Amino acid sequence: MTDRDQPAAAIAVEGLEKVYPGTGGRAAKHALKGVNLTIPRGSIFGLLGPNGAGKSTLINILAGLVRKSGGTARVWGIDIDKAPRAARAAIGVVPQELTLDPYFPARAALELQAGLFGIPKAARRTDELLEVLGLADKATAPARSLSGGMRRRLMVGKALVHSPPVLVLDEPTAGVDVALRQQLWDYVRLLNQRGTTVLLTTHYLQEAEALCDRIAVLADGQIVAHDTTDALFRRVEDQELVVDVSAPLGAIPDNLLPFNPILAAPQRLVFRFAQASGNVDEMLAAIRAAGLRVASVTTKQPDLEDVFLQLVQGPASNFEGASGR
Ligand SMILES: Nc1ncnc2c1ncn2[C@@H]1O[C@H](COP(=O)(O)OP(=O)(O)OP(=O)(O)O)[C@@H](O)[C@H]1O
């Protein structure tokens, strides 16, 4: 395929609906409610959302594993209804769960997967994949002897045997330690630089921020936010400064009001702000200017659930307005 033949959108979804029929006395579930989503070719795209939002349902429809109830979906320009096999060949999915035979060596696992996709031996890329995945020296070692990070990379390799232009990673670093997470991020970036469009779901805000150039947030089956990562994080108050003061406060001092703090306890002020717009120095200076003595200061990132709520409802406090911008 030449560059000109390639679609502008790696994935294009319009009016996507999914209703899981109720079974065994359980009510039917309307899991996707008219989802429109375009994922540009060449991007690393993050799909975020609380548990049960419909992320897996969306991915599974694209991968041909779940049948949609309505709407259209195209993978690499191919309509999943009109040419389901071709659409499936354009996408590789790395599932959340590690599904490796513990006794199968890495090379054999990749060969088997290539066989399942009907790729002739001469056209297989097994050694190249082992090399890129950093598993060349483990090619004959059984999966159970590989580290957690190596197993994840082998899972990515399995999704890549048929050279799909679109790679879907479902929670790629769930339960992976920080060092390995970095390695996997580097690898995802490398794949992307080599031309693979990546769609990933994640529960880690930091992961989305570090990797993705665009993000869509799904909540209760609907897209509630869709923007570049920078623009989205500018909107989200994802930082929290908790200040304990040495004496109880009857009310929030006037000079702190522009920062919209919450009096969480008589001696505790909580400031929420977007990383890009908040100035911790200014907040602490204002606290001292109000004649308060600071007993302790901690910063933290609020729960992802809180952040999703903000995206659905808008931030609780309007710091940007307060800072005069
Ligand atoms: N096979 C099924 N039958 C009935 N309901 C289902 C089925 N699969 C998913 N659901 C329901 O559809 C909704 C969306 O589920 P889905 O797994 O797509 O969410 P998710 O965003 O991937 O969640 P998580 O982050 O927990 O993986 C949930 O309410 C779920 O209980």
# chains A, B, ... in the order shown; residues from 1 in each chain; ligands from 1

$ closest_atom_pairs --of "chain A" --to "ligand 1" --cutoff "12 Å" --atoms "only C-alpha atoms and all ligand atoms" --output "Markdown table"
| residue | atom | partner | partner_atom_place_in_ligand_line | distance |
| --- | --- | --- | --- | --- |
| A:Glu17 | CA | ligand 1 | 12 (O) | 11.5 |
| A:Lys18 | CA | ligand 1 | 12 (O) | 8.5 |
| A:Val19 | CA | ligand 1 | 5 (N) | 8.0 |
| A:Tyr20 | CA | ligand 1 | 4 (C) | 4.8 |
| A:Pro21 | CA | ligand 1 | 4 (C) | 6.7 |
| A:Gly22 | CA | ligand 1 | 4 (C) | 6.9 |
| A:Thr23 | CA | ligand 1 | 4 (C) | 7.9 |
| A:Gly24 | CA | ligand 1 | 4 (C) | 10.7 |
| A:Gly25 | CA | ligand 1 | 4 (C) | 11.6 |
| A:Arg26 | CA | ligand 1 | 4 (C) | 8.5 |
| A:Ala27 | CA | ligand 1 | 4 (C) | 8.7 |
| A:Ala28 | CA | ligand 1 | 4 (C) | 7.1 |
| A:Lys29 | CA | ligand 1 | 5 (N) | 5.6 |
| A:His30 | CA | ligand 1 | 12 (O) | 7.0 |
| A:Ala31 | CA | ligand 1 | 12 (O) | 4.6 |
| A:Leu32 | CA | ligand 1 | 14 (C) | 7.6 |
| A:Lys33 | CA | ligand 1 | 14 (C) | 10.8 |
| A:Leu47 | CA | ligand 1 | 21 (O) | 9.2 |
| A:Leu48 | CA | ligand 1 | 21 (O) | 8.0 |
| A:Gly49 | CA | ligand 1 | 21 (O) | 6.1 |
| A:Pro50 | CA | ligand 1 | 25 (O) | 5.8 |
| A:Asn51 | CA | ligand 1 | 26 (O) | 3.6 |
| A:Gly52 | CA | ligand 1 | 19 (O) | 3.4 |
| A:Ala53 | CA | ligand 1 | 21 (O) | 3.7 |
| A:Gly54 | CA | ligand 1 | 18 (O) | 3.2 |
| A:Lys55 | CA | ligand 1 | 21 (O) | 3.7 |
| A:Ser56 | CA | ligand 1 | 22 (O) | 3.6 |
| A:Thr57 | CA | ligand 1 | 18 (O) | 3.7 |
| A:Leu58 | CA | ligand 1 | 18 (O) | 6.5 |
| A:Ile59 | CA | ligand 1 | 18 (O) | 8.1 |
| A:Asn60 | CA | ligand 1 | 18 (O) | 8.3 |
| A:Ile61 | CA | ligand 1 | 18 (O) | 9.8 |
| A:Leu65 | CA | ligand 1 | 1 (N) | 10.7 |
| A:Val66 | CA | ligand 1 | 1 (N) | 8.5 |
| A:Arg67 | CA | ligand 1 | 1 (N) | 10.5 |
| A:Lys68 | CA | ligand 1 | 1 (N) | 11.8 |
| A:Pro95 | CA | ligand 1 | 27 (O) | 10.6 |
| A:Gln96 | CA | ligand 1 | 27 (O) | 8.5 |
| A:Glu97 | CA | ligand 1 | 27 (O) | 10.9 |
| A:Asp170 | CA | ligand 1 | 27 (O) | 8.5 |
| A:Glu171 | CA | ligand 1 | 27 (O) | 8.5 |
| A:Ala174 | CA | ligand 1 | 25 (O) | 11.1 |
| A:Leu200 | CA | ligand 1 | 22 (O) | 11.5 |
| A:Thr201 | CA | ligand 1 | 25 (O) | 8.2 |
| A:Thr202 | CA | ligand 1 | 25 (O) | 8.1 |
| A:His203 | CA | ligand 1 | 25 (O) | 7.5 |
| A:Tyr204 | CA | ligand 1 | 25 (O) | 11.3 |
| A:Val217 | CA | ligand 1 | 21 (O) | 10.0 |
| A:Leu218 | CA | ligand 1 | 21 (O) | 7.5 |
| A:Ala219 | CA | ligand 1 | 21 (O) | 7.8 |
| A:Asp220 | CA | ligand 1 | 14 (C) | 7.6 |
| A:Gly221 | CA | ligand 1 | 14 (C) | 7.2 |
| A:Gln222 | CA | ligand 1 | 21 (O) | 10.6 |
| A:Ile223 | CA | ligand 1 | 21 (O) | 11.5 |
| A:Leu304 | CA | ligand 1 | 25 (O) | 11.8 |
| A:Glu305 | CA | ligand 1 | 25 (O) | 11.4 |

$ closest_residue --among "A:Met150, A:Glu128, A:Pro165, A:Asn255" --to "Ala290 in chain A" --atoms "only C-alpha atoms"
A:Asn255

$ select_by_dssp --residues "range 7-207 of chain A" --states "helix (DSSP H, G or I)" --output "ChimeraX atom specification"
/A:55-62,84-89,106-116,121-123,126-132,136-138,143-145,148-160,178-193,205-207

$ closest_residue --among "A:Leu211, A:Arg189, A:Leu135, A:Val297" --to "Ser147 in chain A" --atoms "only C-alpha atoms"
A:Leu135

$ residues_around --residues "Leu292 in chain A" --least-positions-apart "6" --cutoff "10 Å" --atoms "only C-alpha atoms" --output "VMD selection string"
chain A and resid 244 to 249 253 284 286

$ select_by_dssp --residues "range 83-221 of chain A" --states "strand (DSSP E or B)" --output "PyMOL selection string"
chain A and resi 91-94+105+142+166-170+197-201+214-219

$ atom_distance --atom1 "CA of Gly149 in chain A" --atom2 "CA of Ala216 in chain A"
26.8 Å

$ closest_residue --among "A:Val161, A:Pro84, A:Met155, A:Leu190" --to "Phe117 in chain A" --atoms "only C-alpha atoms"
A:Val161

$ closest_residue --among "A:Ala143, A:Ala159, A:Val168, A:Val35" --to "Ala10 in chain A" --atoms "only C-alpha atoms"
A:Val168

$ closest_residue --among "A:His162, A:Arg85, A:Val242, A:Ala231" --to "Ala295 in chain A" --atoms "only C-alpha atoms"
A:Val242

$ atom_distance --atom1 "CA of Leu160 in chain A" --atom2 "CA of Phe45 in chain A"
17.7 Å
